[in-house]
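Trainee: One file is attached below, target.tsv, containing TSV, C-alpha atoms.
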chain	number	residue	atom	x	y	z
A	215	MET	CA	28.72	122.62	33.15
A	216	THR	CA	28.73	122.25	36.93
A	217	PRO	CA	26.17	120.04	38.72
A	218	VAL	CA	24.40	123.16	40.02
A	219	GLN	CA	24.21	124.66	36.53
A	220	ALA	CA	22.97	121.30	35.25
A	221	ALA	CA	20.25	121.17	37.92
A	222	HIS	CA	19.00	124.61	36.91
A	223	THR	CA	18.91	123.57	33.24
A	224	VAL	CA	17.01	120.37	34.06
A	225	ILE	CA	14.45	122.34	36.08
A	226	GLU	CA	14.15	124.95	33.33
A	227	THR	CA	13.65	122.45	30.52
A	228	ILE	CA	11.17	120.29	32.45
A	229	THR	CA	9.20	123.41	33.37
A	230	GLN	CA	9.15	124.50	29.73
A	231	MET	CA	7.95	121.10	28.57
A	232	ALA	CA	5.18	121.13	31.18
A	233	GLN	CA	4.06	124.65	30.27
A	234	GLU	CA	3.95	123.76	26.59
A	235	GLN	CA	2.22	120.43	27.41
A	236	ARG	CA	4.70	118.61	25.20
A	237	PRO	CA	6.50	115.91	27.19
A	238	LEU	CA	9.94	114.69	26.29
A	239	MET	CA	9.03	111.79	24.01
A	240	LEU	CA	6.50	113.82	21.99
A	241	ARG	CA	9.37	116.13	21.03
A	242	VAL	CA	11.25	113.15	19.60
A	243	VAL	CA	8.82	110.60	18.13
A	244	PRO	CA	6.04	111.25	15.56
A	245	GLU	CA	2.63	112.36	16.83
A	246	ASP	CA	1.07	109.10	15.67
A	247	GLY	CA	3.52	107.10	17.80
A	248	ALA	CA	6.90	105.44	17.52
A	249	LYS	CA	7.69	102.36	15.48
A	250	PHE	CA	9.41	99.79	17.67
A	251	TRP	CA	13.23	99.73	17.45
A	252	THR	CA	13.37	102.69	15.03
A	253	HIS	CA	15.98	105.37	15.76
A	254	TYR	CA	14.59	108.84	16.38
A	255	PRO	CA	15.90	110.82	14.63
A	256	LYS	CA	16.68	108.41	11.79
A	257	ALA	CA	20.35	109.33	11.46
A	258	ASP	CA	20.75	110.14	15.18
A	259	ALA	CA	21.03	113.62	16.72
A	260	ARG	CA	24.64	114.76	16.23
A	261	ASP	CA	26.20	117.77	17.84
A	262	GLU	CA	27.43	120.18	15.21
A	263	TYR	CA	30.66	120.97	17.03
A	264	CYS	CA	31.83	118.05	19.18
A	265	LYS	CA	30.01	115.12	17.46
A	266	SER	CA	28.45	113.74	20.64
A	267	ARG	CA	25.15	112.14	19.73
A	268	TRP	CA	21.91	110.61	20.93
A	269	TYR	CA	19.03	108.62	19.60
A	270	TYR	CA	15.75	107.59	21.18
A	271	HIS	CA	13.90	104.37	20.58
A	272	VAL	CA	11.06	102.28	21.93
A	273	HIS	CA	11.20	98.55	22.56
A	274	ALA	CA	8.23	96.32	21.81
A	275	PRO	CA	5.91	95.38	24.70
A	276	GLY	CA	7.35	92.41	26.55
A	277	ASP	CA	10.88	93.63	25.86
A	278	ARG	CA	10.69	96.67	28.15
A	279	ASP	CA	9.54	97.47	31.67
A	280	PRO	CA	5.80	98.25	31.76
A	281	ASP	CA	6.34	101.84	32.92
A	282	GLU	CA	9.01	102.64	30.32
A	283	HIS	CA	8.08	104.53	27.17
A	284	GLY	CA	11.55	104.44	25.61
A	285	HIS	CA	15.16	105.43	26.19
A	286	PHE	CA	17.95	107.64	24.94
A	287	HIS	CA	21.25	106.04	23.94
A	288	LEU	CA	24.03	108.58	24.50
A	289	PHE	CA	27.42	108.51	22.78
A	290	LEU	CA	30.77	110.20	22.53
A	291	HIS	CA	32.44	110.24	19.12
A	292	ARG	CA	35.89	108.67	18.90
A	293	THR	CA	37.33	112.05	17.96
A	294	GLN	CA	36.45	113.24	21.47
A	295	LEU	CA	38.98	110.79	22.89
A	296	PRO	CA	42.79	111.11	22.64
A	297	GLU	CA	44.09	110.54	19.12
A	298	GLY	CA	45.47	107.05	18.62
A	299	LEU	CA	43.80	105.61	21.72
A	300	GLU	CA	43.09	101.93	21.06
A	301	PRO	CA	39.63	100.60	21.95
A	302	LYS	CA	39.43	97.83	24.51
A	303	VAL	CA	37.16	95.95	22.11
A	304	TRP	CA	36.57	96.71	18.43
A	305	PRO	CA	33.38	96.26	16.41
A	306	PRO	CA	33.62	93.20	14.12
A	307	GLN	CA	33.87	95.62	11.17
A	308	GLY	CA	36.92	97.35	12.65
A	309	GLU	CA	37.59	100.78	11.17
A	310	ASP	CA	34.87	100.09	8.60
A	311	ALA	CA	32.17	100.22	11.28
A	312	LYS	CA	29.33	102.53	10.29
A	313	ALA	CA	29.49	104.77	13.36
A	314	HIS	CA	32.75	105.63	15.12
A	315	VAL	CA	31.18	106.10	18.53
A	316	THR	CA	31.54	104.83	22.05
A	317	HIS	CA	28.42	104.32	24.15
A	318	LEU	CA	28.26	106.37	27.31
A	319	VAL	CA	25.00	105.45	29.03
A	320	THR	CA	21.28	105.00	28.44
A	321	LEU	CA	18.57	107.25	29.89
A	322	SER	CA	15.21	105.52	30.37
A	323	ILE	CA	12.01	107.60	30.24
A	324	ASP	CA	8.64	106.64	31.72
A	325	THR	CA	5.25	106.96	30.04
A	326	LEU	CA	4.82	110.52	31.36
A	327	GLY	CA	8.17	111.68	29.97
A	328	ILE	CA	10.00	111.63	33.32
A	329	PRO	CA	13.49	110.07	33.69
A	330	ARG	CA	13.18	106.71	35.46
A	331	SER	CA	16.65	105.09	35.31
A	332	TRP	CA	20.17	105.03	33.92
A	333	PHE	CA	21.72	101.85	32.55
A	334	THR	CA	24.72	100.61	30.59
A	335	VAL	CA	24.67	98.02	27.83
A	336	ASN	CA	26.99	95.42	26.39
A	337	ARG	CA	29.12	96.32	23.37
A	338	PHE	CA	27.02	94.49	20.78
A	339	VAL	CA	23.84	96.45	21.61
A	340	THR	CA	25.10	99.60	19.88
A	341	ASN	CA	28.07	98.11	17.97
A	342	GLU	CA	30.34	100.59	19.71
A	343	PHE	CA	34.09	100.96	19.94
A	344	LEU	CA	34.40	99.92	23.60
A	345	TYR	CA	36.79	101.86	25.84
A	346	PRO	CA	37.58	101.24	29.53
A	347	ALA	CA	35.39	102.84	32.15
A	348	GLU	CA	38.12	105.16	33.42
A	349	THR	CA	38.63	106.56	29.92
A	350	MET	CA	34.92	107.22	29.57
A	351	ILE	CA	34.73	108.76	33.04
A	352	GLU	CA	37.58	111.14	32.24
A	353	HIS	CA	35.67	112.36	29.19
A	354	LEU	CA	32.18	112.56	30.70
A	355	PRO	CA	32.46	116.38	30.77
A	356	ASP	CA	32.96	116.31	26.98
A	357	PHE	CA	29.45	115.01	26.31
A	358	ASN	CA	27.41	117.83	24.81
A	359	VAL	CA	24.43	117.64	22.46
A	360	ASN	CA	23.24	121.22	22.77
A	361	HIS	CA	23.83	121.86	19.07
A	362	THR	CA	21.96	119.18	17.15
A	363	GLU	CA	19.15	119.86	14.68
A	364	GLN	CA	16.61	118.32	17.06
A	365	ASP	CA	14.40	119.97	19.68
A	366	ASP	CA	16.47	122.44	21.69
A	367	CYS	CA	14.70	121.58	24.93
A	368	VAL	CA	15.53	117.89	24.49
A	369	ASN	CA	19.15	118.62	23.61
A	370	ARG	CA	19.69	120.82	26.65
A	371	PHE	CA	17.87	118.43	28.96
A	372	VAL	CA	19.96	115.42	27.90
A	373	THR	CA	23.25	117.32	28.16
A	374	ALA	CA	22.33	118.62	31.61
A	375	MET	CA	21.21	115.21	32.89
A	376	VAL	CA	24.64	113.73	32.13
A	377	ALA	CA	26.34	116.63	33.91
A	378	LEU	CA	23.97	116.35	36.89
A	379	TYR	CA	24.49	112.59	37.29
A	380	ARG	CA	28.20	112.44	36.45
A	381	GLU	CA	29.16	110.58	39.65
A	382	GLU	CA	26.39	108.00	39.26
A	383	ILE	CA	27.25	107.41	35.60
A	384	ALA	CA	30.90	106.94	36.53
A	385	GLU	CA	29.92	104.22	39.01
A	386	LEU	CA	27.69	102.54	36.42
A	387	LEU	CA	30.60	102.42	33.97
A	388	ARG	CA	32.88	100.85	36.59
A	389	ILE	CA	30.25	98.21	37.36
A	390	ARG	CA	29.85	97.63	33.62
A	391	ASP	CA	33.55	96.79	33.37
A	392	GLU	CA	33.35	94.48	36.39
A	393	ARG	CA	30.45	92.69	34.73
A	394	HIS	CA	32.44	92.43	31.50
A	395	ALA	CA	35.27	90.77	33.42
A	396	GLU	CA	32.84	88.21	34.81
A	397	LEU	CA	31.47	87.54	31.32
A	398	VAL	CA	34.97	87.12	29.88
A	399	SER	CA	35.74	84.42	32.45
A	400	GLU	CA	32.56	82.64	31.42
A	401	HIS	CA	32.32	83.27	27.67
A	402	GLY	CA	35.78	84.38	26.51
A	403	ASP	CA	35.69	86.55	23.37
A	404	ASP	CA	31.90	86.20	23.20
A	405	ALA	CA	31.57	88.24	26.42
A	406	TYR	CA	31.00	91.44	24.48
A	407	GLU	CA	28.67	89.95	21.89
A	408	LYS	CA	25.07	88.74	21.71
A	409	ALA	CA	26.21	85.16	22.34
A	410	SER	CA	26.92	86.13	25.96
A	411	GLY	CA	23.20	86.59	26.56
A	412	ALA	CA	23.90	89.78	28.52
A	413	ASP	CA	22.67	93.10	27.23
A	414	VAL	CA	22.09	95.39	30.25
A	415	LEU	CA	25.15	95.35	32.55
A	416	SER	CA	24.40	97.95	35.23
A	417	SER	CA	21.51	100.20	36.21
A	418	ILE	CA	20.25	102.63	38.84
A	419	PRO	CA	16.83	104.24	39.35
A	420	ILE	CA	16.42	108.01	39.02
A	421	ASP	CA	14.65	110.09	41.66
A	422	LEU	CA	15.02	113.55	40.17
A	423	ASP	CA	13.20	115.31	43.02
A	424	ALA	CA	15.49	113.74	45.61
A	425	LYS	CA	18.60	114.44	43.55
A	426	ILE	CA	17.86	118.13	43.07
A	427	GLY	CA	16.44	118.47	46.58
A	428	SER	CA	19.78	117.32	48.03
A	429	MET	CA	21.63	120.18	46.33
A	430	GLU	CA	22.17	123.76	47.42
A	431	LEU	CA	20.85	125.70	44.43
Could I get this structure in the form of structure tokens?
Mentor:
Amino acid sequence: MTPVQAAHTVIETITQMAQEQRPLMLRVVPEDGAKFWTHYPKADARDEYCKSRWYYHVHAPGDRDPDEHGHFHLFLHRTQLPEGLEPKVWPPQGEDAKAHVTHLVTLSIDTLGIPRSWFTVNRFVTNEFLYPAETMIEHLPDFNVNHTEQDDCVNRFVTAMVALYREEIAELLRIRDERHAELVSEHGDDAYEKASGADVLSSIPIDLDAKIGSMEL
């Protein structure tokens, strides 16, 4: 998907959500509200063909920005990377880890259902198989969640947002690795774990109107 195609899909899906008066988060969480920290959907949304996945969750008040409703964690499956490629850092469980995924980026959503920021997280947050930024950047075009069992509008929106912001996500991943290097010098092997005290490693705000307005559609 090209950035222009992605922009059209983002516009289309946002328009559809507005017309149906069902914002993004109400297509993901129960009508009576989300339970803090719970994954929506419970077993994550997994693409039928490529195994990319997402889940949405909501942090408790005091552990999130006041204007954030929740955020999407977005992943590639290890099978989407070259066979035999060694992770930079393994989960403590090694090959027995529950989910064989690598975290791509997180998409934060405001209380109206509008994207507000992108950010990356430390390895322990999602217990991922951590790969270098350049590996992840090379495989950004492989992220696709258009074929999960969840809301089609949400699936298409999330896939298109990654395609639309590919350059920005690439820069966030590079900064993430720079931050990891700083943490390693300070904490050694604990740099990638909760003991480092670092969860969010890089972030940028989203101005969707400005982004799409700068493009020739």
Trainee: Just the residues within 12 Å of Ala412 in chain A, please, counting all atoms listed in the file, with nothing from its chain fewer than 2 positions along; format it as a list in words.
Mentor: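 These residues fall inside the cut-off: Thr334, Val335, Asn336, Arg337, Phe338, Val339, Arg390, Arg393, His394, Glu396, Leu397, Val398, Glu400, His401, Asp404, Ala405, Tyr406, Glu407, Lys408, Ala409, Ser410, Val414, Leu415 and Ser416 of chain A.
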Trainee: Given the choices A:Tyr379, A:Tyr270, A:Tyr263, A:Phe333, which gets closest to Ile351 in chain A if the distance is worked out from all atoms listed in the file?
Mentor: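 Answer, going by the shortest atom-to-atom distance: A:Tyr379.
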Trainee: Can you list every residue of range 271-303 of chain A that has an atom at most 8 Å from range 235-250 of chain A, with its nearest atom pair and the distance in Å to one decimal, using all atoms listed in the file, ordered by chain then number, as JSON lines?
Mentor:
{"residue": "A:His271", "atom": "CA", "partner": "A:Phe250", "partner_atom": "CA", "distance": 7.0}
{"residue": "A:Val272", "atom": "CA", "partner": "A:Phe250", "partner_atom": "CA", "distance": 5.2}
{"residue": "A:His273", "atom": "CA", "partner": "A:Phe250", "partner_atom": "CA", "distance": 5.4}
{"residue": "A:Ala274", "atom": "CA", "partner": "A:Phe250", "partner_atom": "CA", "distance": 5.5}
{"residue": "A:His283", "atom": "CA", "partner": "A:Met239", "partner_atom": "CA", "distance": 8.0}
{"residue": "A:Gly284", "atom": "CA", "partner": "A:Met239", "partner_atom": "CA", "distance": 7.9}
Trainee: Which distance in Å separates CA of Phe357 in chain A and CA of Arg292 in chain A, to one decimal?
Mentor: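 Taking CA of Phe357 in chain A and CA of Arg292 in chain A, their separation equals 11.7 Å.
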Trainee: Please report the interatomic distance between CA of Glu381 in chain A and CA of Val359 in chain A in Å with one decimal.
Mentor: 19.2 Å
Trainee: How many Å separate CA of Pro419 in chain A from CA of Ala374 in chain A?
Mentor: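 Pair CA of Pro419 in chain A / CA of Ala374 in chain A returns 17.2 Å.
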Trainee: Using only C-alpha atoms, which residues sit within 12 Å of Glu282 in chain A once same-chain residues fewer than 2 positions away are excluded, as an NGL selection string?
Mentor: :A and (239 or 271-280 or 284-286 or 321-332)
Trainee: What lies within 7 Å of Asp391 in chain A using all atoms listed in the file, ignoring chain neighbours under 4 positions off, as a list in words?
Mentor: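 Contacts, in chain order: Ala347, Leu387 and Ala395 of chain A.
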Trainee: Please provide as a VMD selection string all residues within 12 Å of Phe343 in chain A, with the sequence filter that same-chain residues fewer than 5 positions apart are discarded (counting all atoms listed in the file).
Mentor: chain A and resid 289 to 293 295 299 to 318 336 to 338 350 406
